[in-house]
Amino acid sequence: MGAPTTPATTGTPPRPIPGVHPASRALTRPRRRLVAAAAALVALAAVGTGSLLDLRTPAPKPADAPADAFSAGRAYEDVQVIAARSHVAGSPANEQVRAHLEQQLRGLGLETEVQDTVAPEAGQLSGAAGGATVARVRNVVARLPGTDSTGRVFLVSHYDSVQTGPGGNDDAAGTSTILEVARALTTGPRPRNDIVFVLTDAEEACLCGAAAFAASHPLAADGGVVLNLEARGSTGPVIMFETSRNNAKLVDIFGRAAPHPVGTSFAVEIYRALPNDTDFTAFLDQKFVGLNSAYIDGGAIYHTPLDTPAAMDRGSLQQHGDNALGLAREFGGIDLTDLRSGHDATYFPVPGGLVRYPGWLTLPLALLAVALVAALGWLTRRSGRASNGRLAAGFALALVPIVAAPVAAQLLWLAITTIRPGYAELLDPYRPLWYRLAVLALATAILFTWYALTRRRIGPAALAVGGLAWLALLGVLLAVAVPGGAYLTTLPALAGALGGLVALRTRQTGPWPVVAVTAAAAVGVVILLPTVVLLFPALGMAMGGVAALVAVLLGLVALPVVDLLHPQAGGQRGLLALRARRLAVLPAGATAVAAVVLAGVGLGVDRFDAAHPAPTHLMYAMDAGTGQARWLSHESDPQPWTDGYVDGVTDVGDDFPGLGDAELRAGPAQAANLPAPKLEVVSDATVGGERTLRLRLTPQRVARIATLHVDTSTATVLRAEVAGRSVPVEPRDGRWGFGLVFHAPPAEGIEVTLTVRPIAGQVALRAMDASDGLDALPGFRPRPPAVGVVGSHSSEMLAVARTYPL
C-alpha cells in the first residue's frame, strides 16, 4: 500500500485510509508488526546496553602497573592505613593518619607542611550543634613546583572521618587517590603549572580545614583550579557533579582530558539547589574555579562503621584516579589565566564521551522543539491520523502517566518502609537493585495501562504527539528555571518530532517509518536511561519518584515503538476487537506483576542481619549541675532496640542547646561520674555599659566538641572572639540565643572573648562538651549483631553540660 494522499490545498479535507478507523491511525503502519516490534526493541536494547556499559567503572590496575599510571592496587594500600579505624578531627587516630600522609608526600620529594590553625566553618554544615562554628585544623599541604607556572592546580580531599566509621570510602578514597596521583606526577616530567596537594582536616565537622586553606594559606592567595575528590557510598561510576559557575571551558577540558568522563549539567543544577556542601564549597566562596567529583552508589554504608576499606569498589577508586591524573596533567600543562567563560555548558554522557554545547543554546533549542512538535501535530491532522479534538485529548491525557508514575513510586516506597521502617534511616537500602527495578516496572506498567486504555479511543498518533508536546513544554520550563536540565526533555522531543515527521512523509508500509521512530526513541534512551540509573543512587529510594518520572518521559518518546506491541486495531469488530483489547493489556499486566514480584524479592533479599544491620541512633546527655541524665534519639519511629531507651518526644533545647535539635525522643538514664567542662574567667571589665569577659573553656575529658551558649535574657551579645578570631553574632531562637561551637578542642582549652550588654545582674552561660562512645555508661546494653549505628554526626555522642552564672 502506498503512502496516504495529501490534499492539494489546505481547504481539501484529508483523505481517509481505507479500512482504518481514524482513532487507530499510528505514525507507522508496518505490514509485519511483530517483526517490526522485535527489530525495534532489539535495537533499543542494544543502544540501552551500550549506554549503561559506558557507565561501568574500569578494571582496577594492580600494584605493579607502570610507574606513570594510576594504580588502584597501590592506592588501596594507603586506604588500608588511612581507614584502619575511625579518625575524627582532633583524635589521636587522626594524628596518626596525618603523620602517614606527611611521610608519603615527603618521601616523594615534595615541599610538605602542616597548616595548624583555628578556622571558621564554610557552608551550611556545623556538625551536631547549633551556633557559630570554628575548629582547630591541621591541613597537610604539599607542592610540586611547575616549570613555567601560569597558576596553580589544587587537588583536594579530606583525611578526617566521622566518629561513627573509619571512612574507608569517605574520604580515604580521595586522599589515597591524591597520594597516588602525586606519586605518578613525580615520576615523569614536571608540569608547567604548580600542582598543590591539599589534604584537609575537619571536613566532616564543619568544612573548616578547607575554609582555613582557601581563605588564609599563602598558596591559595591567587586562587586557581580546584579538583575536589569525594565519595558518598562504596561503588558506582565517579560523577563530576558540581562545578564553579561559567563552566563551559572547564567542562570542555573535563570532556577531553578525563579518561572516563561521567557528568551532567542536570546534576550540577540539582546540587546547587540542595543544602549540601563539601570542601569544594569553601573554595567557591573564595572565587576559585574547578570541578567536584564523587562516586555515590552503595550509600547504605555512608558514615557508618561499615565504611571500611573492604567495602570499597576498587574499580571506582581506579576511575577516581584515572580522571584525577588525566585532569591534573591537562590543567598542569595549559594556560590557567582565563578558564572562565561567559556561560555554563550543557553536557551529558554518551557512549564514548561527553556531549557538550553552550548553555545559551538551551532556550532556542527548547523553542525549536516546541515548533517541530507543533509541525508534527499539524501534519498528523492534515494526513487524517487525528482530529484537532483528538490531538487536544492526547495532550491532556499524556499528563496522566507523567503524574501517576512518580506518585505510585512514592506510594510503593511508603508501603515498603511501612513493612521495613529501618529504611527510613538509610540513604538507600543495602541491596537496592530489586527495588529500583520494581520502580521502573511500576512506571512501565502505568504507561502501558494508560496507553492500552486510551489508544483505541484517542488514537496512537494523537497520543504520541501529546506525549512529545509535554516533553517540549517541559523543555521550555526547564530552560527558564533549570537550564542545565533542559536537555533531558528538549533533545528527546526534538528527536521524536523529527522521527514522526519522517515517518509521516515516507511509505507507511515500508521499513523507514519504523526506522525513523526507533532512531528517535534511541536518542531518548541514550539521554534518559543513564539519567534514570544515576538518579537512583543520587537521590535514594526515598525519592524514587523522580526516576519514575524520567522513565515515563522516556516511554513517551518511544510511544510509536510501544504501539508496535499492540495489534492493528482499525476496523475490527466482535471477537476480533475483543481479542485485540485483551492482547493490548498483556504488556501492562506483565509489567504490573513484575513490579509486585520485584518489590517482594527486594524485601526477601534485603533483610537486616549482622552484615547489613538495622541503623539506630542513640545519644547520652547529662546535666552535671543537677545530676539528671537522659538517653536521646532522633529516630522518628524508633527501632525495637532504641525503644528500650527512649519513649516520648522531649524538647531538649533549654538543657542542651549544643545538640542543635530541640525536639528528640528521650528516656531516663543513670547519671555517670563525668565532669562538666570547666569555665574560667580570665578577665572581666565593664566600660560604658559594655561588659567584656575573657573566658577559658577547658574540657575535662577527651572531647570532640565543646560548646558555649549565652542566656540572652541575661545579656545581649555584641561581639565574640574564639582563639583570637572574630565570629558572627547571629541570634538563635530560644533561651540560649547565642552559641559557639568548637570542634577538635585542644586539651589546654579554648579562649573565648564575649562583649555583652548585661540585662540582669548575672550573665548565665551554658557550657557543654561531647565525646563518643556509650559502651562504658551505666545502663547501656550493647547492640545485637543485626542492629547497627546510623551514619549521623551525633550518633553515639556522650554530652555533659553545666550552667555557669557570672
# chains A, B, ... in the order shown; residues from 1 in each chain; ligands from 1
>>> residues_around(residues="region 151-157 of chain A", least_positions_apart="4", cutoff="6 Å", atoms="only C-alpha atoms", output="number ranges by chain")
A: 174-175, 193-199, 224-229, 336
>>> select_by_dssp(residues="region 128-293 of chain A", states="helix (DSSP H, G or I)", output="NGL selection string")
:A and (172-186 or 203-206 or 208-216 or 218-220 or 248-257 or 265-273 or 279-285)
>>> residues_around(residues="region 468-479 of chain A", least_positions_apart="4", cutoff="10 Å", atoms="only C-alpha atoms", output="ChimeraX atom specification")
/A:359-374,376-377,394-396,398-399,402,463-464,483-497,500,553-554,556-559
>>> select_by_dssp(residues="region 351-526 of chain A", states="strand (DSSP E)", output="number ranges by chain")
A: 353-358
>>> write_last_selection(atoms="C-alpha atoms", output="PDB file, in the first residue's frame")
ATOM      1  CA  GLY A 353      32.473  10.517  25.680  1.00  0.00           C
ATOM      2  CA  LEU A 354      30.665  13.619  26.848  1.00  0.00           C
ATOM      3  CA  VAL A 355      28.290  15.656  24.686  1.00  0.00           C
ATOM      4  CA  ARG A 356      28.530  19.346  25.460  1.00  0.00           C
ATOM      5  CA  TYR A 357      27.195  22.536  23.929  1.00  0.00           C
ATOM      6  CA  PRO A 358      26.898  26.180  25.021  1.00  0.00           C
TER       7      PRO A 358
END
>>> closest_atom_pairs(of="region 658-728 of chain A", to="region 754-773 of chain A", cutoff="7 Å", atoms="only C-alpha atoms", output="Markdown table")
| residue | atom | partner | partner_atom | distance |
| --- | --- | --- | --- | --- |
| A:Gly658 | CA | A:Met768 | CA | 6.7 |
| A:Ala676 | CA | A:Met768 | CA | 6.9 |
| A:Pro677 | CA | A:Asp769 | CA | 6.2 |
| A:Gly689 | CA | A:Arg757 | CA | 6.4 |
| A:Glu690 | CA | A:Arg757 | CA | 5.0 |
| A:Arg691 | CA | A:Val756 | CA | 5.3 |
| A:Thr692 | CA | A:Thr755 | CA | 4.3 |
| A:Leu693 | CA | A:Leu754 | CA | 5.2 |
| A:Arg694 | CA | A:Leu754 | CA | 6.6 |
| A:Pro699 | CA | A:Asp769 | CA | 6.4 |
| A:Val702 | CA | A:Ser771 | CA | 6.6 |
| A:Ala703 | CA | A:Ser771 | CA | 4.5 |
| A:Arg704 | CA | A:Ser771 | CA | 5.2 |
| A:Ile705 | CA | A:Ala770 | CA | 5.2 |
| A:Ala706 | CA | A:Asp769 | CA | 4.2 |
| A:Thr707 | CA | A:Met768 | CA | 5.1 |
| A:Leu708 | CA | A:Ala767 | CA | 4.6 |
| A:His709 | CA | A:Arg766 | CA | 5.0 |
| A:Val710 | CA | A:Leu765 | CA | 4.6 |
| A:Asp711 | CA | A:Ala764 | CA | 5.4 |
| A:Ser713 | CA | A:Ile759 | CA | 6.8 |
| A:Thr714 | CA | A:Ala760 | CA | 4.8 |
| A:Ala715 | CA | A:Pro758 | CA | 4.2 |
| A:Thr716 | CA | A:Arg757 | CA | 5.1 |
| A:Val717 | CA | A:Val756 | CA | 4.4 |
| A:Leu718 | CA | A:Val756 | CA | 5.2 |
| A:Arg719 | CA | A:Thr755 | CA | 5.1 |
| A:Ala720 | CA | A:Leu754 | CA | 4.7 |
| A:Glu721 | CA | A:Leu754 | CA | 6.6 |
>>> write_last_selection(atoms="N, CA and C atoms", output="short mmCIF file (atom, residue, chain, number, x, y, z; two decimals), in the first residue's frame")
data_model
loop_
_atom_site.label_atom_id
_atom_site.label_comp_id
_atom_site.auth_asym_id
_atom_site.auth_seq_id
_atom_site.Cartn_x
_atom_site.Cartn_y
_atom_site.Cartn_z
N GLY A 658 23.64 22.87 72.83
CA GLY A 658 24.73 22.45 71.96
C GLY A 658 24.39 21.28 71.08
N ALA A 676 31.87 18.08 84.01
CA ALA A 676 31.49 19.08 83.01
C ALA A 676 32.73 19.85 82.58
N PRO A 677 32.69 20.49 81.41
CA PRO A 677 33.82 21.33 81.04
C PRO A 677 33.98 22.49 82.02
N GLY A 689 28.90 50.61 79.90
CA GLY A 689 27.75 49.72 79.83
C GLY A 689 28.00 48.42 79.09
N GLU A 690 29.23 48.25 78.56
CA GLU A 690 29.57 47.00 77.87
C GLU A 690 30.51 46.19 78.75
N ARG A 691 30.16 44.96 78.96
CA ARG A 691 30.97 44.07 79.79
C ARG A 691 31.75 43.11 78.88
N THR A 692 33.07 43.08 79.03
CA THR A 692 33.92 42.20 78.23
C THR A 692 34.46 41.09 79.12
N LEU A 693 34.10 39.87 78.76
CA LEU A 693 34.51 38.68 79.51
C LEU A 693 35.52 37.89 78.68
N ARG A 694 36.72 37.72 79.22
CA ARG A 694 37.69 36.79 78.64
C ARG A 694 37.61 35.49 79.41
N PRO A 699 37.69 21.39 78.31
CA PRO A 699 37.10 20.07 78.57
C PRO A 699 37.91 19.32 79.61
N VAL A 702 38.62 13.79 77.11
CA VAL A 702 38.88 13.88 75.67
C VAL A 702 37.55 14.13 74.97
N ALA A 703 37.42 15.29 74.34
CA ALA A 703 36.15 15.70 73.75
C ALA A 703 36.30 16.01 72.27
N ARG A 704 35.26 15.70 71.52
CA ARG A 704 35.24 16.04 70.10
C ARG A 704 34.70 17.43 69.86
N ILE A 705 33.78 17.87 70.71
CA ILE A 705 33.12 19.17 70.55
C ILE A 705 33.04 19.84 71.91
N ALA A 706 33.23 21.15 71.93
CA ALA A 706 32.94 21.96 73.11
C ALA A 706 32.04 23.10 72.67
N THR A 707 31.04 23.43 73.47
CA THR A 707 30.11 24.50 73.11
C THR A 707 29.93 25.44 74.28
N LEU A 708 29.59 26.69 73.96
CA LEU A 708 29.30 27.70 74.97
C LEU A 708 28.15 28.55 74.47
N HIS A 709 27.08 28.63 75.27
CA HIS A 709 25.90 29.40 74.90
C HIS A 709 25.59 30.44 75.97
N VAL A 710 25.02 31.55 75.54
CA VAL A 710 24.70 32.66 76.43
C VAL A 710 23.18 32.77 76.54
N ASP A 711 22.71 32.89 77.77
CA ASP A 711 21.29 33.13 78.02
C ASP A 711 21.00 34.60 77.68
N SER A 713 18.45 36.27 77.86
CA SER A 713 17.58 37.04 78.77
C SER A 713 18.41 37.70 79.86
N THR A 714 19.70 37.31 79.97
CA THR A 714 20.58 37.92 80.97
C THR A 714 21.57 38.90 80.34
N ALA A 715 21.81 38.79 79.02
CA ALA A 715 22.75 39.70 78.36
C ALA A 715 22.57 39.60 76.86
N THR A 716 22.85 40.72 76.21
CA THR A 716 22.86 40.76 74.75
C THR A 716 24.30 40.69 74.27
N VAL A 717 24.60 39.73 73.44
CA VAL A 717 25.97 39.57 72.94
C VAL A 717 26.19 40.56 71.80
N LEU A 718 27.23 41.38 71.93
CA LEU A 718 27.55 42.38 70.92
C LEU A 718 28.65 41.91 69.99
N ARG A 719 29.69 41.32 70.57
CA ARG A 719 30.83 40.84 69.78
C ARG A 719 31.36 39.57 70.41
N ALA A 720 32.01 38.73 69.59
CA ALA A 720 32.56 37.48 70.12
C ALA A 720 33.83 37.12 69.36
N GLU A 721 34.79 36.58 70.11
CA GLU A 721 36.02 36.06 69.52
C GLU A 721 36.31 34.68 70.10
#
>>> residues_around(residues="Glu111 (chain A)", least_positions_apart="4", cutoff="9 Å", atoms="only C-alpha atoms", output="short mmCIF file (atom, residue, chain, number, x, y, z; two decimals) with N, CA, C and O atoms, in the first residue's frame")
data_model
loop_
_atom_site.label_atom_id
_atom_site.label_comp_id
_atom_site.auth_asym_id
_atom_site.auth_seq_id
_atom_site.Cartn_x
_atom_site.Cartn_y
_atom_site.Cartn_z
N LEU A 105 54.13 12.01 51.34
CA LEU A 105 54.37 13.14 50.46
C LEU A 105 55.83 13.59 50.52
O LEU A 105 56.44 13.91 49.49
N ARG A 106 56.40 13.63 51.71
CA ARG A 106 57.81 14.00 51.81
C ARG A 106 58.69 12.95 51.14
O ARG A 106 59.73 13.27 50.57
N VAL A 141 49.69 20.01 53.40
CA VAL A 141 49.80 20.71 52.12
C VAL A 141 51.17 20.39 51.50
O VAL A 141 52.20 20.52 52.16
N ALA A 142 51.16 19.98 50.24
CA ALA A 142 52.41 19.68 49.52
C ALA A 142 52.34 20.33 48.15
O ALA A 142 51.26 20.49 47.58
N ARG A 143 53.50 20.70 47.62
CA ARG A 143 53.54 21.40 46.33
C ARG A 143 54.55 20.76 45.40
O ARG A 143 55.66 20.43 45.80
N LEU A 144 54.12 20.58 44.15
CA LEU A 144 55.01 20.18 43.07
C LEU A 144 55.20 21.41 42.19
O LEU A 144 54.30 21.80 41.45
N PRO A 145 56.35 22.09 42.26
CA PRO A 145 56.53 23.35 41.52
C PRO A 145 56.48 23.11 40.01
O PRO A 145 57.01 22.11 39.50
#
>>> residues_around(residues="Arg390 (chain A)", least_positions_apart="4", cutoff="12 Å", atoms="only C-alpha atoms", output="VMD selection string")
chain A and resid 22 to 25 377 380 to 381 384 to 386 394 to 398 454 to 466
>>> write_last_selection(atoms="N, CA and C atoms", output="PDB file, in the first residue's frame")
ATOM      1  N   PRO A  22     -10.174   6.327  12.101  1.00  0.00           N
ATOM      2  CA  PRO A  22      -9.258   7.455  12.326  1.00  0.00           C
ATOM      3  C   PRO A  22      -8.541   7.395  13.671  1.00  0.00           C
ATOM      4  N   ALA A  23      -9.236   6.923  14.698  1.00  0.00           N
ATOM      5  CA  ALA A  23      -8.603   6.893  16.010  1.00  0.00           C
ATOM      6  C   ALA A  23      -7.498   5.855  16.113  1.00  0.00           C
ATOM      7  N   SER A  24      -7.378   4.972  15.144  1.00  0.00           N
ATOM      8  CA  SER A  24      -6.391   3.901  15.224  1.00  0.00           C
ATOM      9  C   SER A  24      -5.195   4.134  14.328  1.00  0.00           C
ATOM     10  N   ARG A  25      -5.115   5.279  13.717  1.00  0.00           N
ATOM     11  CA  ARG A  25      -4.029   5.527  12.778  1.00  0.00           C
ATOM     12  C   ARG A  25      -2.761   5.931  13.520  1.00  0.00           C
ATOM     13  N   GLY A 377       2.126  17.853  14.888  1.00  0.00           N
ATOM     14  CA  GLY A 377       0.696  17.828  15.145  1.00  0.00           C
ATOM     15  C   GLY A 377      -0.102  18.287  13.934  1.00  0.00           C
ATOM     16  N   THR A 380       0.043  15.568  11.326  1.00  0.00           N
ATOM     17  CA  THR A 380      -0.768  14.431  11.769  1.00  0.00           C
ATOM     18  C   THR A 380      -2.243  14.693  11.480  1.00  0.00           C
ATOM     19  N   ARG A 381      -2.716  15.882  11.766  1.00  0.00           N
ATOM     20  CA  ARG A 381      -4.118  16.219  11.476  1.00  0.00           C
ATOM     21  C   ARG A 381      -4.361  16.271   9.979  1.00  0.00           C
ATOM     22  N   GLY A 384      -4.885  13.006   8.256  1.00  0.00           N
ATOM     23  CA  GLY A 384      -6.065  12.253   8.632  1.00  0.00           C
ATOM     24  C   GLY A 384      -5.857  11.276   9.762  1.00  0.00           C
ATOM     25  N   ARG A 385      -4.765  11.378  10.461  1.00  0.00           N
ATOM     26  CA  ARG A 385      -4.494  10.435  11.541  1.00  0.00           C
ATOM     27  C   ARG A 385      -5.047  10.906  12.880  1.00  0.00           C
ATOM     28  N   ALA A 386      -5.432  12.161  12.964  1.00  0.00           N
ATOM     29  CA  ALA A 386      -6.034  12.660  14.201  1.00  0.00           C
ATOM     30  C   ALA A 386      -6.733  13.977  13.908  1.00  0.00           C
ATOM     31  N   GLY A 394      -5.209  13.910  23.389  1.00  0.00           N
ATOM     32  CA  GLY A 394      -3.934  13.220  23.556  1.00  0.00           C
ATOM     33  C   GLY A 394      -2.978  14.015  24.429  1.00  0.00           C
ATOM     34  N   PHE A 395      -2.963  15.329  24.237  1.00  0.00           N
ATOM     35  CA  PHE A 395      -2.105  16.183  25.053  1.00  0.00           C
ATOM     36  C   PHE A 395      -2.552  16.162  26.512  1.00  0.00           C
ATOM     37  N   ALA A 396      -3.860  16.283  26.747  1.00  0.00           N
ATOM     38  CA  ALA A 396      -4.364  16.301  28.116  1.00  0.00           C
ATOM     39  C   ALA A 396      -4.121  14.965  28.814  1.00  0.00           C
ATOM     40  N   LEU A 397      -4.381  13.880  28.108  1.00  0.00           N
ATOM     41  CA  LEU A 397      -4.258  12.568  28.733  1.00  0.00           C
ATOM     42  C   LEU A 397      -2.808  12.157  28.940  1.00  0.00           C
ATOM     43  N   ALA A 398      -1.886  12.713  28.162  1.00  0.00           N
ATOM     44  CA  ALA A 398      -0.472  12.363  28.355  1.00  0.00           C
ATOM     45  C   ALA A 398       0.044  12.820  29.711  1.00  0.00           C
ATOM     46  N   THR A 454      -6.381   4.196  26.466  1.00  0.00           N
ATOM     47  CA  THR A 454      -6.674   5.398  25.681  1.00  0.00           C
ATOM     48  C   THR A 454      -6.411   5.236  24.184  1.00  0.00           C
ATOM     49  N   ARG A 455      -5.654   4.205  23.813  1.00  0.00           N
ATOM     50  CA  ARG A 455      -5.200   4.094  22.422  1.00  0.00           C
ATOM     51  C   ARG A 455      -6.351   4.007  21.441  1.00  0.00           C
ATOM     52  N   ARG A 456      -7.334   3.131  21.709  1.00  0.00           N
ATOM     53  CA  ARG A 456      -8.403   2.898  20.736  1.00  0.00           C
ATOM     54  C   ARG A 456      -9.306   4.119  20.588  1.00  0.00           C
ATOM     55  N   ARG A 457      -9.571   4.806  21.713  1.00  0.00           N
ATOM     56  CA  ARG A 457     -10.494   5.941  21.647  1.00  0.00           C
ATOM     57  C   ARG A 457      -9.820   7.213  21.111  1.00  0.00           C
ATOM     58  N   ILE A 458      -8.579   7.457  21.533  1.00  0.00           N
ATOM     59  CA  ILE A 458      -7.906   8.702  21.151  1.00  0.00           C
ATOM     60  C   ILE A 458      -7.045   8.516  19.909  1.00  0.00           C
ATOM     61  N   GLY A 459      -6.413   7.361  19.809  1.00  0.00           N
ATOM     62  CA  GLY A 459      -5.588   7.091  18.638  1.00  0.00           C
ATOM     63  C   GLY A 459      -4.103   7.167  18.925  1.00  0.00           C
ATOM     64  N   PRO A 460      -3.303   6.255  18.359  1.00  0.00           N
ATOM     65  CA  PRO A 460      -1.863   6.225  18.608  1.00  0.00           C
ATOM     66  C   PRO A 460      -1.157   7.511  18.206  1.00  0.00           C
ATOM     67  N   ALA A 461      -1.543   8.068  17.065  1.00  0.00           N
ATOM     68  CA  ALA A 461      -0.845   9.263  16.595  1.00  0.00           C
ATOM     69  C   ALA A 461      -1.085  10.442  17.535  1.00  0.00           C
ATOM     70  N   ALA A 462      -2.323  10.630  17.963  1.00  0.00           N
ATOM     71  CA  ALA A 462      -2.642  11.746  18.858  1.00  0.00           C
ATOM     72  C   ALA A 462      -1.925  11.593  20.197  1.00  0.00           C
ATOM     73  N   LEU A 463      -1.844  10.386  20.717  1.00  0.00           N
ATOM     74  CA  LEU A 463      -1.161  10.165  21.982  1.00  0.00           C
ATOM     75  C   LEU A 463       0.341  10.403  21.840  1.00  0.00           C
ATOM     76  N   ALA A 464       0.910   9.965  20.721  1.00  0.00           N
ATOM     77  CA  ALA A 464       2.346  10.183  20.502  1.00  0.00           C
ATOM     78  C   ALA A 464       2.669  11.674  20.435  1.00  0.00           C
ATOM     79  N   VAL A 465       1.844  12.419  19.702  1.00  0.00           N
ATOM     80  CA  VAL A 465       2.075  13.860  19.599  1.00  0.00           C
ATOM     81  C   VAL A 465       1.859  14.525  20.955  1.00  0.00           C
ATOM     82  N   GLY A 466       0.838  14.092  21.704  1.00  0.00           N
ATOM     83  CA  GLY A 466       0.582  14.671  23.019  1.00  0.00           C
ATOM     84  C   GLY A 466       1.740  14.447  23.975  1.00  0.00           C
TER      85      GLY A 466
END
>>> closest_residue(among="A:Ile82, A:Leu412, A:Val596, A:Leu674", to="Thr308 (chain A)", atoms="only C-alpha atoms")
A:Ile82
>>> residues_around(residues="Ser792 (chain A)", least_positions_apart="5", cutoff="9 Å", atoms="only C-alpha atoms", output="PDB file with N, CA, C and O atoms, in the first residue's frame")
ATOM      1  N   ALA A 128      26.801  18.595  64.861  1.00  0.00           N
ATOM      2  CA  ALA A 128      25.550  18.294  65.536  1.00  0.00           C
ATOM      3  C   ALA A 128      25.052  19.435  66.393  1.00  0.00           C
ATOM      4  O   ALA A 128      24.025  19.334  67.017  1.00  0.00           O
ATOM      5  N   VAL A 162      34.216  10.528  60.027  1.00  0.00           N
ATOM      6  CA  VAL A 162      33.205  10.746  61.055  1.00  0.00           C
ATOM      7  C   VAL A 162      33.534   9.883  62.274  1.00  0.00           C
ATOM      8  O   VAL A 162      34.358   8.966  62.198  1.00  0.00           O
ATOM      9  N   GLN A 163      32.868  10.166  63.390  1.00  0.00           N
ATOM     10  CA  GLN A 163      33.125   9.401  64.605  1.00  0.00           C
ATOM     11  C   GLN A 163      32.513   8.009  64.539  1.00  0.00           C
ATOM     12  O   GLN A 163      32.901   7.122  65.298  1.00  0.00           O
ATOM     13  N   THR A 164      31.561   7.795  63.627  1.00  0.00           N
ATOM     14  CA  THR A 164      30.841   6.525  63.572  1.00  0.00           C
ATOM     15  C   THR A 164      31.448   5.530  62.602  1.00  0.00           C
ATOM     16  O   THR A 164      30.932   4.418  62.469  1.00  0.00           O
ATOM     17  N   HIS A 303      28.970   6.949  56.216  1.00  0.00           N
ATOM     18  CA  HIS A 303      29.171   7.449  57.585  1.00  0.00           C
ATOM     19  C   HIS A 303      28.882   6.401  58.660  1.00  0.00           C
ATOM     20  O   HIS A 303      28.617   6.765  59.804  1.00  0.00           O
ATOM     21  N   THR A 304      28.912   5.133  58.324  1.00  0.00           N
ATOM     22  CA  THR A 304      28.636   4.085  59.304  1.00  0.00           C
ATOM     23  C   THR A 304      29.895   3.272  59.579  1.00  0.00           C
ATOM     24  O   THR A 304      30.897   3.389  58.866  1.00  0.00           O
ATOM     25  N   HIS A 617      19.949   5.188  66.236  1.00  0.00           N
ATOM     26  CA  HIS A 617      20.595   6.408  66.704  1.00  0.00           C
ATOM     27  C   HIS A 617      20.349   6.563  68.196  1.00  0.00           C
ATOM     28  O   HIS A 617      19.206   6.493  68.660  1.00  0.00           O
TER      29      HIS A 617
END
>>> closest_residue(among="A:Ala392, A:Val262, A:Asp609, A:Val525", to="Ala45 (chain A)", atoms="only C-alpha atoms")
A:Val525
>>> residues_around(residues="Asp623 (chain A)", least_positions_apart="3", cutoff="12 Å", atoms="only C-alpha atoms", output="PyMOL selection string")
chain A and resi 620+626-630+652+654-657+669-677+766-769+798-804
>>> atom_distance(atom1="CA of His634 (chain A)", atom2="CA of Arg783 (chain A)")
17.1 Å
